[in-house]
Each structure stands twice: as structure tokens, then as C-alpha cells.
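S.K.: Let me begin by handing over the structure; questions about it come next.
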Amino acid sequence: MSDLSQRIAGLSPEKLKLLAQRLQKRKENVFSQPQIVPQSRESNLFPLSFAQQRLWFIDQLQPGNSAYNISQPMRIIGSLNLAALEQSFNEVVRRHEVLRTTFKVVDGQPLQVITPSFSFKLPVVDLQELSQEQREAEVLRLASEEAQQPFDLTKVPLLRVTLLQLAAAEYALLLTMHHIVADGWATGVLIHEIATLYEAFSIGKLSPLSELSIQYADFAVWQRQWLQGERLETQLAYWQRQLGGKLPVVEFPSERSRCLQRASLRDAPRSLTPIQTFSGARETLVLPKTLSEKLKALNQRQGITLFMILLAAFQTLLHCYTDQEDIVVGTDIANRNQAETKELIGFFVNQLVLRTDLSGNPTFVELLERVREMTLEAYAHQDLPFDKLVDVLNPKRELNRTPLFQVKLVLENTQTPSLELPGLTITSLKVENKTVQFDLLLELNETDQGLFGVWEYNTDLFDRDGIVRLSNNFATLLNKIATHPESKLSELKIVLNEVDNKQHIAKEEAYKNTIGQKLINVKRRANNR
């Protein structure tokens, strides 16, 4: 155990909780970070941030890939001021250079190029002549088509907005950005600014927003200058110790069966899928408030965070399915550590690789100790960009899987604000997104009603029935550890096997009943002839 680990282990539960919160909010850092300053715009050529470089590289490998589109379709009811809405988007594009940025190669290196000005036009598609049924079908078709439409990273803007007019006072707004210029936090910034600007412009006022002190290109330059020398070596040394050698790959068994160890994957094994397809689907998960409160009580007793419990449970679930004792899971961290970055649209989010040893059949409480130590150290070394880590570790590149990890868990603590415009009712438009970035991702949101989650899964690897069982088993596992955290992993696996068997038996009975009813109907038709 390192000196840092020993100091962490000696803290009281209250101090451990406080330390975790501070690390997560980045109020503590191993090195002080100098202020980001504006760069000269004379050359208009800037390096990519490390995060942008990774997405640019993926786009070069698979041009036209829409897996990294961020879509926000919404329905608007009310008297919409189209001119004010277009003016609002124009102002946002003017304020944030990253929305006027393209990417080109100069002397073999990708660079950001900022378009000095860009006149944003809001296209309006009139669907009013269609019947209501036709309109609804067309809205869903166009929204799905828009979400799947790839971006050309050499052309501005990497933001698309289309307005569908359904009736005199009814619209659908289709908003899409490429991930290389935005992340989840940035979407919240965009929505907040559009709401503020629309309210002002619709009554003839000027923009109430203050000018930005820096732009995303300034951050990219700062990041590359700051992360070098001893600072870089300290970060690298930790991650090389943690992830050095051959990293395990979470391999779900490839045969369909009713037992836990053989559930979920489609019949075609990974080796027969030479290129990652990004074809995907989603399944929701709802965990009631009573369960989340039990989990929070466990947090307080153990002096840990909710994310650490969910991570330990998620890795236990993967262990139960795969029998692997060395589990690697990815997660996101906002990476907006300087105050001036919090108001910027841009791609800041970083990915952490969380590797846990589940060997020795520990109790869940003992596993929590391992997860807590590993997670706190990862937070303390979160400044190393994922792309830089991949470059240094240089894992064997395989086109059919993402590097370092293929399974991901994200807990969103902050909600993306809903768009609220004066005199209008705006609701989210549910559109099926058929692309994913990973083999399996569970994204959880903490709400007043409990934990709401979405499973994103690669449909070339998983089928819906397997994911539904996986989701049910995760809920069962959380309920068990919330009341019996002293259970050993082997005991938890037995519980899941029993639940899985019951689900399978119920499904077989339902299938038999369906077949039986069909046979009865066939006989009846034959007798009536």
C-alpha cells in the first residue's frame, strides 16, 4: 500500500467522505494550475486538446461515423418568435469560437481552425399540410435521420439546428452537435444561453450575457503547455503502475443460455466482428427512492460516495457474469477545474480507467474498501488525458473494441437544464438513437424519485432479452447489498443465479402458453372449415 493509501486508510469515515467530495469537485490538486490566458489569433491555427485528438483520430479511421453526435430533439408548444430564436443561436455561435471551428491537417498534424464569422440560418420545414398521424411519423423519421447524419469535421459549423413546424403554434426543434466541440456540460451551457438570449431578444433587448474571458482554443494551448515535465511524469507513473501489463477485457460468454454465466451475448463471438460497428440500442432502468436511500445510508456508514457503491456493485455484476476477478471499467469526469472553463461550450470531459481486484471472494464491504482506495487515487491523478494515456500505454490496437476499457459506468450528479422559453411549453422528444460508443454503458442519474438509468448496448454483441435480465439482476444485487453488505461475492452470485433461473422459467412458461394458445386457435379454425 502506498503512502497516500495509508494516509487515506487512516482517515475517519467523515474525513474520507469530505476528501472524496473535494477530489470530485477538484478543489484539491497535486499541482497548482496557472490561469488560462487568451492566445493570439494572428495565425488562427491551434492545437487540438487531447480529448479532441482522440475523436479526430476515430473520425479518420471511420469517416461518417455518427456515434459521437450529441442530439437534443424537443417539442415546442406556443407562439414562437422565429427571428428571436435564430438571433439567439447566431449569438451563441458568435460567443463560442468552438462552434465556428473546423479541423485540418498541416504538416501532418491536425489543427483547429477558427472561422472568424458565420451567419447561422435556422431552417424551417413545414409539415402542417400532413395529417396528425403523418406528422408524428415524419417528426420521428426526421429526428432519427438528423441524429444519424454525420458531420464533416472540415466544414463549419459542427452544430445543426432544424425547426419542424407542425401547426400554427406547435414545433419540433432538432439540435445536434459533434462531441469534438461539446460534451454533456456544454449542452447545459448552450441551453442556458439560448434561454437567456431568447428572452431578451424576443422583447427587443440586447444580450445580457457578459463576454467570455477565454475560448476553447485557449484551453487546448494551455493544456498542452501545462501537462509536461514533472507534472506529466507524476501522473503517468501512477497510471502505468495501475494499468501496466496486459489489461483484462470484460468478455461476456458468447452462448445464449438461461444460466448467469451464459447470458447476454449474441451468438456471434467478438472475434467474428472485425470492426466496431457502433450499432446500438437502449434500455431503461428505474431504481426506487427507497433503494437509493438505503444505498445512501450505506454510504454514510462506510464513509464513501454513492458512485463508489454503484461501481463496486457494477463490477460485482460483471464478475458474476464473466467469472473474471480483474475488472476494468471506464467512467467520465467533468475536467472543468478552472472557473473560466465552466461557462464554455467545448469538449472537456475526461475518461478515467478504474481497475479493481475482486479476487479472494471478499465480502461486499471488503470490496468497497478496495474500490474506495482505487477511486480516490484515480481522482488524485485525473488530470492525465485519456488520449495521452492510450498513447503512452500503447495497447494493441483492435478495430473491434475501444482501447483500455469496453464497459463504462457514469453517475450524473448534475442535470442538464431543460430549455425554458417565455410563453412556451417545451418537452423532450423521445427518438431512438441507434448508435453507441462502447460495448456496454450504464448511465445513472440521481433524481428526487430515485435513480434513473439507461443501458446503452452494442446490438452486434447483446440482445434485448439479455440486457433486460442484466438490468433486473443489477437491481436485485443493489437491493441485496443495501441490506446485507457483509455478503461474500460467492453468496451474491448464488442470489443472482436463483433470480435468473426464475426469470428463465417464467419466460419458458409464457412461451409455452403462447404456443399452446396458437395450437388451440389452429385447431378451432380447422374444425370450423
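As shown in the C-alpha cells, the chain order sets the letters A, B, ...; within each chain, residues go from 1, and ligands are also counted from 1 in the order they appear.
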Pull the strand (DSSP E) assignments for range 85-286 of chain A out of DSSP run on the backbone, and list those residues as a ChimeraX atom specification.
M.R.: /A:101-106,109-114,124-126,159-167,170-178,280-286
S.K.: For the selection just defined, write its residues with N, CA and C atoms to a file, as a compact mmCIF listing (two decimals), in the first residue's frame.
M.R.:
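What landed in selection_35.txt:
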# COMPACT_ATOMS: atom_id res chain seq x y z
N THR A 101 -15.41 26.29 -35.37
CA THR A 101 -14.10 25.66 -35.55
C THR A 101 -14.19 24.47 -36.49
N THR A 102 -13.19 24.36 -37.38
CA THR A 102 -13.05 23.16 -38.21
C THR A 102 -11.66 22.56 -37.94
N PHE A 103 -11.41 21.41 -38.53
CA PHE A 103 -10.16 20.68 -38.27
C PHE A 103 -9.49 20.32 -39.58
N LYS A 104 -8.22 20.69 -39.71
CA LYS A 104 -7.49 20.34 -40.92
C LYS A 104 -6.07 19.91 -40.55
N VAL A 105 -5.41 19.23 -41.46
CA VAL A 105 -4.06 18.71 -41.24
C VAL A 105 -3.05 19.66 -41.86
N VAL A 106 -2.08 20.08 -41.05
CA VAL A 106 -0.99 20.94 -41.51
C VAL A 106 0.33 20.27 -41.13
N GLN A 109 -0.03 17.28 -38.91
CA GLN A 109 -0.65 17.43 -37.59
C GLN A 109 -2.04 18.04 -37.71
N PRO A 110 -3.04 17.46 -37.00
CA PRO A 110 -4.37 18.06 -37.02
C PRO A 110 -4.38 19.36 -36.22
N LEU A 111 -5.04 20.38 -36.74
CA LEU A 111 -5.11 21.67 -36.07
C LEU A 111 -6.53 22.20 -36.09
N GLN A 112 -6.83 23.03 -35.09
CA GLN A 112 -8.11 23.74 -35.07
C GLN A 112 -7.99 25.01 -35.90
N VAL A 113 -9.00 25.26 -36.71
CA VAL A 113 -9.06 26.48 -37.50
C VAL A 113 -10.37 27.18 -37.16
N ILE A 114 -10.29 28.43 -36.72
CA ILE A 114 -11.48 29.16 -36.30
C ILE A 114 -11.97 30.06 -37.43
N VAL A 124 -36.49 26.02 -41.54
CA VAL A 124 -37.82 25.64 -41.05
C VAL A 124 -38.46 24.71 -42.08
N VAL A 125 -38.87 23.52 -41.64
CA VAL A 125 -39.53 22.53 -42.50
C VAL A 125 -41.01 22.53 -42.15
N ASP A 126 -41.84 22.84 -43.11
CA ASP A 126 -43.28 22.97 -42.88
C ASP A 126 -43.97 21.61 -43.08
N LEU A 159 -22.47 22.30 -35.53
CA LEU A 159 -23.75 22.44 -34.82
C LEU A 159 -24.83 22.52 -35.89
N ARG A 160 -25.89 21.73 -35.73
CA ARG A 160 -27.03 21.77 -36.65
C ARG A 160 -28.30 21.99 -35.86
N VAL A 161 -29.16 22.86 -36.36
CA VAL A 161 -30.46 23.09 -35.75
C VAL A 161 -31.50 23.13 -36.87
N THR A 162 -32.56 22.37 -36.75
CA THR A 162 -33.65 22.38 -37.71
C THR A 162 -34.96 22.51 -36.94
N LEU A 163 -35.85 23.36 -37.45
CA LEU A 163 -37.15 23.56 -36.82
C LEU A 163 -38.23 22.96 -37.72
N LEU A 164 -39.03 22.07 -37.17
CA LEU A 164 -40.15 21.48 -37.89
C LEU A 164 -41.43 22.16 -37.42
N GLN A 165 -42.17 22.78 -38.34
CA GLN A 165 -43.43 23.42 -37.95
C GLN A 165 -44.56 22.43 -38.18
N LEU A 166 -45.25 22.08 -37.08
CA LEU A 166 -46.31 21.08 -37.13
C LEU A 166 -47.69 21.71 -37.20
N ALA A 167 -47.83 22.88 -36.60
CA ALA A 167 -49.09 23.62 -36.62
C ALA A 167 -48.76 25.09 -36.36
N GLU A 170 -47.13 24.96 -32.89
CA GLU A 170 -46.52 23.68 -32.48
C GLU A 170 -45.32 23.39 -33.37
N TYR A 171 -44.18 23.07 -32.73
CA TYR A 171 -42.93 22.86 -33.45
C TYR A 171 -42.17 21.69 -32.84
N ALA A 172 -41.21 21.19 -33.62
CA ALA A 172 -40.19 20.27 -33.10
C ALA A 172 -38.83 20.87 -33.45
N LEU A 173 -37.96 20.98 -32.46
CA LEU A 173 -36.61 21.53 -32.66
C LEU A 173 -35.60 20.40 -32.59
N LEU A 174 -34.82 20.25 -33.64
CA LEU A 174 -33.81 19.20 -33.72
C LEU A 174 -32.43 19.84 -33.59
N LEU A 175 -31.76 19.57 -32.48
CA LEU A 175 -30.46 20.17 -32.16
C LEU A 175 -29.40 19.07 -32.10
N THR A 176 -28.33 19.23 -32.86
CA THR A 176 -27.26 18.23 -32.90
C THR A 176 -25.90 18.91 -32.93
N MET A 177 -24.97 18.41 -32.12
CA MET A 177 -23.58 18.86 -32.14
C MET A 177 -22.67 17.64 -32.20
N HIS A 178 -21.46 17.85 -32.73
CA HIS A 178 -20.48 16.77 -32.69
C HIS A 178 -19.75 16.83 -31.35
N GLY A 280 -26.34 0.22 -31.95
CA GLY A 280 -26.75 0.06 -30.57
C GLY A 280 -28.22 0.30 -30.31
N ALA A 281 -28.59 0.05 -29.07
CA ALA A 281 -29.95 0.28 -28.59
C ALA A 281 -29.87 0.64 -27.12
N ARG A 282 -31.02 0.98 -26.54
CA ARG A 282 -31.06 1.44 -25.16
C ARG A 282 -32.21 0.77 -24.40
N GLU A 283 -31.99 0.60 -23.11
CA GLU A 283 -33.00 0.03 -22.22
C GLU A 283 -32.95 0.80 -20.90
N THR A 284 -34.11 1.17 -20.39
CA THR A 284 -34.15 1.99 -19.17
C THR A 284 -34.09 1.13 -17.92
N LEU A 285 -33.65 1.76 -16.85
CA LEU A 285 -33.56 1.14 -15.53
C LEU A 285 -34.06 2.16 -14.51
N VAL A 286 -35.03 1.77 -13.69
CA VAL A 286 -35.55 2.65 -12.65
C VAL A 286 -35.37 1.98 -11.30
S.K.: Find the residues around Lys294 in chain A up to 10 Å (only C-alpha atoms counted), leave out those fewer than 2 positions away in its own chain, and share them as a ChimeraX atom specification.
M.R.: /A:289-292,296-299,478-479,481-483
S.K.: Let's have the selection written as a tab-separated table (two decimals), in the first residue's frame, with N, CA and C atoms.
M.R.:
chain	number	residue	atom	x	y	z
A	289	LYS	N	-36.80	5.26	-4.92
A	289	LYS	CA	-36.18	6.13	-3.93
A	289	LYS	C	-35.83	5.36	-2.66
A	290	THR	N	-36.68	4.38	-2.30
A	290	THR	CA	-36.40	3.60	-1.09
A	290	THR	C	-35.05	2.90	-1.18
A	291	LEU	N	-34.72	2.40	-2.38
A	291	LEU	CA	-33.43	1.73	-2.57
A	291	LEU	C	-32.29	2.73	-2.52
A	292	SER	N	-32.44	3.87	-3.20
A	292	SER	CA	-31.37	4.86	-3.19
A	292	SER	C	-31.11	5.38	-1.79
A	296	LYS	N	-27.64	5.22	0.23
A	296	LYS	CA	-27.03	6.41	0.84
A	296	LYS	C	-26.72	6.17	2.31
A	297	ALA	N	-27.57	5.40	2.98
A	297	ALA	CA	-27.30	5.06	4.38
A	297	ALA	C	-26.02	4.23	4.47
A	298	LEU	N	-25.82	3.34	3.49
A	298	LEU	CA	-24.59	2.55	3.44
A	298	LEU	C	-23.39	3.47	3.18
A	299	ASN	N	-23.59	4.49	2.32
A	299	ASN	CA	-22.53	5.48	2.08
A	299	ASN	C	-22.04	6.05	3.39
A	478	LEU	N	-28.25	-4.72	-6.05
A	478	LEU	CA	-28.24	-3.50	-5.23
A	478	LEU	C	-29.13	-3.64	-4.00
A	479	ASN	N	-30.30	-4.26	-4.19
A	479	ASN	CA	-31.18	-4.48	-3.05
A	479	ASN	C	-30.55	-5.39	-2.01
A	481	ILE	N	-27.20	-5.91	-1.46
A	481	ILE	CA	-26.06	-5.31	-0.76
A	481	ILE	C	-26.49	-4.15	0.13
A	482	ALA	N	-27.63	-3.53	-0.20
A	482	ALA	CA	-28.12	-2.43	0.63
A	482	ALA	C	-28.53	-2.92	2.02
A	483	THR	N	-29.00	-4.17	2.08
A	483	THR	CA	-29.45	-4.73	3.37
A	483	THR	C	-28.45	-5.73	3.95
S.K.: Using only C-alpha atoms, which residues of range 190-251 of chain A come within 9 Å of range 331-340 of chain A, and what is the closest atom pair for each, with the distance in Å to one decimal? Give it as CSV, sorted by chain and residue number.
M.R.:
residue,atom,partner,partner_atom,distance
A:Leu212,CA,A:Glu340,CA,8.2
A:Ser213,CA,A:Glu340,CA,6.9
A:Ile214,CA,A:Glu340,CA,7.0
S.K.: Any chance you can output those residues with N, CA and C atoms as a PDB file, in the first residue's frame?
M.R.:
ATOM      1  N   LEU A 212     -17.072  36.270 -22.850  1.00  0.00           N
ATOM      2  CA  LEU A 212     -16.254  35.195 -22.287  1.00  0.00           C
ATOM      3  C   LEU A 212     -14.805  35.638 -22.164  1.00  0.00           C
ATOM      4  N   SER A 213     -14.160  35.241 -21.071  1.00  0.00           N
ATOM      5  CA  SER A 213     -12.766  35.660 -20.845  1.00  0.00           C
ATOM      6  C   SER A 213     -11.778  34.849 -21.664  1.00  0.00           C
ATOM      7  N   ILE A 214     -12.108  33.608 -21.976  1.00  0.00           N
ATOM      8  CA  ILE A 214     -11.253  32.751 -22.810  1.00  0.00           C
ATOM      9  C   ILE A 214     -12.130  31.948 -23.755  1.00  0.00           C
TER      10      ILE A 214
END
S.K.: Find the spatial neighbours of Ser88 in chain A, counting only C-alpha atoms, within a cut-off of 8 Å - ignore same-chain residues fewer than 6 positions away - and output them as a PDB file with N, CA, C and O atoms, in the first residue's frame.
M.R.:
ATOM      1  N   ILE A 194     -29.227  29.979 -24.727  1.00  0.00           N
ATOM      2  CA  ILE A 194     -30.337  30.169 -25.669  1.00  0.00           C
ATOM      3  C   ILE A 194     -31.559  30.712 -24.928  1.00  0.00           C
ATOM      4  O   ILE A 194     -32.237  31.641 -25.408  1.00  0.00           O
ATOM      5  N   LEU A 197     -30.876  34.437 -23.949  1.00  0.00           N
ATOM      6  CA  LEU A 197     -30.854  35.323 -25.115  1.00  0.00           C
ATOM      7  C   LEU A 197     -32.242  35.462 -25.743  1.00  0.00           C
ATOM      8  O   LEU A 197     -32.647  36.569 -26.132  1.00  0.00           O
ATOM      9  N   TYR A 198     -32.967  34.357 -25.858  1.00  0.00           N
ATOM     10  CA  TYR A 198     -34.307  34.410 -26.470  1.00  0.00           C
ATOM     11  C   TYR A 198     -35.222  35.329 -25.671  1.00  0.00           C
ATOM     12  O   TYR A 198     -35.981  36.121 -26.247  1.00  0.00           O
ATOM     13  N   PHE A 201     -34.024  38.899 -26.596  1.00  0.00           N
ATOM     14  CA  PHE A 201     -34.225  39.279 -27.998  1.00  0.00           C
ATOM     15  C   PHE A 201     -35.702  39.342 -28.374  1.00  0.00           C
ATOM     16  O   PHE A 201     -36.089  40.132 -29.251  1.00  0.00           O
TER      17      PHE A 201
END
S.K.: Near range 488-497 of chain A, counting only C-alpha atoms, which residues have an atom at most 8 Å away, once you skip same-chain residues fewer than 3 positions from it, shown as JSON, numbers by chain?
M.R.: {"A": [259, 260, 316, 320, 361, 362, 363, 364, 473, 476, 477, 480, 500, 501]}
S.K.: Skipping near chain neighbours, those fewer than 2 positions away, what residues fall within 7 Å of Ser144 in chain A using only C-alpha atoms, listed as a list in words?
M.R.: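 So the residues in contact are Leu140, Arg141, Leu142, Glu146, Ala147, Gln148, Val431, Glu432 and Asn433 of chain A.
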S.K.: Could you save those same residues with C-alpha atoms as a tab-separated table (two decimals), in the first residue's frame?
M.R.:
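Output saved as selection-v1.tsv:
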chain	number	residue	atom	x	y	z
A	140	LEU	CA	-39.74	10.80	-35.64
A	141	ARG	CA	-38.25	9.93	-39.03
A	142	LEU	CA	-36.60	13.31	-39.49
A	146	GLU	CA	-30.87	14.07	-38.14
A	147	ALA	CA	-29.30	12.23	-35.18
A	148	GLN	CA	-27.64	9.75	-37.58
A	431	VAL	CA	-36.24	9.46	-30.52
A	432	GLU	CA	-34.50	6.11	-30.79
A	433	ASN	CA	-30.73	6.51	-31.05
S.K.: Please identify all polymer residues within 10 Å of Ile203 in chain A, counting only C-alpha atoms, omitting same-chain residues fewer than 4 positions from it, and present them as a PyMOL selection string.
M.R.: chain A and resi 81+84+198-199
S.K.: Print the selection's residues with N, CA, C and O atoms to a file, as an mmCIF file, in the first residue's frame.
M.R.:
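Result saved to again-v3.cif:
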data_model
loop_
_atom_site.group_PDB
_atom_site.id
_atom_site.type_symbol
_atom_site.label_atom_id
_atom_site.label_comp_id
_atom_site.auth_asym_id
_atom_site.auth_seq_id
_atom_site.Cartn_x
_atom_site.Cartn_y
_atom_site.Cartn_z
ATOM 1 N N ASN A 81 -41.238 32.971 -31.444
ATOM 2 C CA ASN A 81 -40.639 34.079 -32.174
ATOM 3 C C ASN A 81 -39.429 33.535 -32.936
ATOM 4 O O ASN A 81 -38.338 33.393 -32.379
ATOM 5 N N ALA A 84 -36.253 35.795 -33.108
ATOM 6 C CA ALA A 84 -35.515 35.844 -31.844
ATOM 7 C C ALA A 84 -34.754 34.544 -31.604
ATOM 8 O O ALA A 84 -33.633 34.563 -31.076
ATOM 9 N N TYR A 198 -32.967 34.357 -25.858
ATOM 10 C CA TYR A 198 -34.307 34.410 -26.470
ATOM 11 C C TYR A 198 -35.222 35.329 -25.671
ATOM 12 O O TYR A 198 -35.981 36.121 -26.247
ATOM 13 N N GLU A 199 -35.147 35.234 -24.353
ATOM 14 C CA GLU A 199 -35.990 36.082 -23.508
ATOM 15 C C GLU A 199 -35.699 37.560 -23.758
ATOM 16 O O GLU A 199 -36.615 38.395 -23.806
#
S.K.: Tell me, which residues of range 369-429 of chain A carry DSSP alpha helix (DSSP H), written as a list in words?
M.R.: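 DSSP on the backbone gives alpha helix (DSSP H) at Glu369, Arg370, Val371, Arg372, Glu373, Met374, Thr375, Leu376, Glu377, Ala378, Tyr379, Ala380, Phe386, Asp387, Lys388, Leu389, Val390, Asp391, Val392 and Leu393 of chain A.
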S.K.: List the spatial neighbours of range 406-413 of chain A as a PDB file with N, CA and C atoms, in the first residue's frame - criterion: any atom at most 7 Å away, only C-alpha atoms, same-chain residues fewer than 5 positions off excluded.
M.R.:
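Writing done, so here's selection-v9.pdb:
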ATOM      1  N   PHE A 307     -21.268   6.919  -5.831  1.00  0.00           N
ATOM      2  CA  PHE A 307     -20.634   6.364  -7.028  1.00  0.00           C
ATOM      3  C   PHE A 307     -19.779   5.152  -6.692  1.00  0.00           C
ATOM      4  N   VAL A 329     -13.303  -0.890 -15.679  1.00  0.00           N
ATOM      5  CA  VAL A 329     -14.491  -0.133 -16.080  1.00  0.00           C
ATOM      6  C   VAL A 329     -14.085   1.317 -16.291  1.00  0.00           C
ATOM      7  N   GLY A 330     -14.647   1.962 -17.288  1.00  0.00           N
ATOM      8  CA  GLY A 330     -14.388   3.374 -17.522  1.00  0.00           C
ATOM      9  C   GLY A 330     -15.459   4.247 -16.898  1.00  0.00           C
ATOM     10  N   THR A 331     -15.131   5.508 -16.682  1.00  0.00           N
ATOM     11  CA  THR A 331     -16.123   6.480 -16.217  1.00  0.00           C
ATOM     12  C   THR A 331     -15.709   7.861 -16.716  1.00  0.00           C
ATOM     13  N   ASP A 332     -16.607   8.829 -16.575  1.00  0.00           N
ATOM     14  CA  ASP A 332     -16.342  10.202 -17.010  1.00  0.00           C
ATOM     15  C   ASP A 332     -16.089  11.107 -15.818  1.00  0.00           C
ATOM     16  N   ARG A 401     -12.800  -3.031 -30.847  1.00  0.00           N
ATOM     17  CA  ARG A 401     -13.080  -2.637 -29.468  1.00  0.00           C
ATOM     18  C   ARG A 401     -12.326  -1.350 -29.137  1.00  0.00           C
ATOM     19  N   PHE A 438     -19.652   2.234 -26.878  1.00  0.00           N
ATOM     20  CA  PHE A 438     -19.000   1.157 -26.127  1.00  0.00           C
ATOM     21  C   PHE A 438     -19.814  -0.131 -26.242  1.00  0.00           C
ATOM     22  N   ASP A 439     -19.185  -1.228 -25.804  1.00  0.00           N
ATOM     23  CA  ASP A 439     -19.918  -2.488 -25.761  1.00  0.00           C
ATOM     24  C   ASP A 439     -21.126  -2.363 -24.835  1.00  0.00           C
ATOM     25  N   LEU A 440     -20.888  -1.756 -23.664  1.00  0.00           N
ATOM     26  CA  LEU A 440     -21.946  -1.643 -22.666  1.00  0.00           C
ATOM     27  C   LEU A 440     -21.693  -0.406 -21.812  1.00  0.00           C
ATOM     28  N   LEU A 441     -22.712   0.415 -21.659  1.00  0.00           N
ATOM     29  CA  LEU A 441     -22.628   1.617 -20.827  1.00  0.00           C
ATOM     30  C   LEU A 441     -23.876   1.707 -19.976  1.00  0.00           C
ATOM     31  N   LEU A 442     -23.686   1.942 -18.684  1.00  0.00           N
ATOM     32  CA  LEU A 442     -24.809   2.240 -17.790  1.00  0.00           C
ATOM     33  C   LEU A 442     -24.642   3.670 -17.311  1.00  0.00           C
ATOM     34  N   GLU A 443     -25.590   4.534 -17.683  1.00  0.00           N
ATOM     35  CA  GLU A 443     -25.574   5.922 -17.243  1.00  0.00           C
ATOM     36  C   GLU A 443     -26.710   6.127 -16.249  1.00  0.00           C
ATOM     37  N   LEU A 444     -26.361   6.513 -15.035  1.00  0.00           N
ATOM     38  CA  LEU A 444     -27.341   6.695 -13.962  1.00  0.00           C
ATOM     39  C   LEU A 444     -27.468   8.169 -13.615  1.00  0.00           C
ATOM     40  N   ASN A 445     -28.694   8.593 -13.314  1.00  0.00           N
ATOM     41  CA  ASN A 445     -28.972   9.956 -12.881  1.00  0.00           C
ATOM     42  C   ASN A 445     -29.677   9.907 -11.534  1.00  0.00           C
ATOM     43  N   GLU A 446     -29.192  10.714 -10.598  1.00  0.00           N
ATOM     44  CA  GLU A 446     -29.815  10.786  -9.282  1.00  0.00           C
ATOM     45  C   GLU A 446     -30.923  11.831  -9.318  1.00  0.00           C
TER      46      GLU A 446
END
S.K.: Which of these residues is nearest to Val349 in chain A, using only C-alpha atoms: A:Pro395, A:Gly184, A:Gly229, A:Gly450?
M.R.: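 The answer is A:Gly184, which sits nearest to Val349 in chain A.
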S.K.: Could you check the closest approach to His192 in chain A for each of A:Ala237, A:Leu429, A:Leu419, A:Val436 and tell me which residue wins, using only C-alpha atoms?
M.R.: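 Distance minimum relative to His192 in chain A lands on A:Leu419.
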S.K.: Between CA of Phe347 in chain A and CA of Leu384 in chain A, what is the spacing in Å?
M.R.: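 Separating CA of Leu384 in chain A from CA of Phe347 in chain A is a distance of 15.0 Å.
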S.K.: By how many Å are CA of Leu99 in chain A and CA of Gly188 in chain A apart?
M.R.: 14.8 Å
S.K.: Distance CA of His179 in chain A-CA of Gly346 in chain A, one decimal place?
M.R.: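 Pair CA of His179 in chain A / CA of Gly346 in chain A returns 8.4 Å.
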S.K.: Of the candidates A:Phe57, A:Phe405, A:Phe151, A:Phe219, which one gets nearest to Pro34 in chain A if we count only C-alpha atoms?
M.R.: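 Checking each candidate against Pro34 in chain A, we get A:Phe219 as the closest.
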S.K.: So, with only C-alpha atoms as the atoms that count, which of A:Asp183, A:Asn400, A:Ser279, A:Ala475 lies closest to Tyr457 in chain A?
M.R.: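 Smallest separation from Tyr457 in chain A among the options: A:Ser279.
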S.K.: Ranking A:Asn521, A:Ser471, A:Ser119, A:Thr187 by minimum distance to Phe452 in chain A and counting only C-alpha atoms, which one comes first?
M.R.: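 So, comparing all the options, the nearest one is A:Ser471.
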S.K.: Smallest atom-to-atom distance to Val365 in chain A: which of A:Glu486, A:Glu133, A:Glu251, A:Glu145, using only C-alpha atoms?
M.R.: A:Glu486
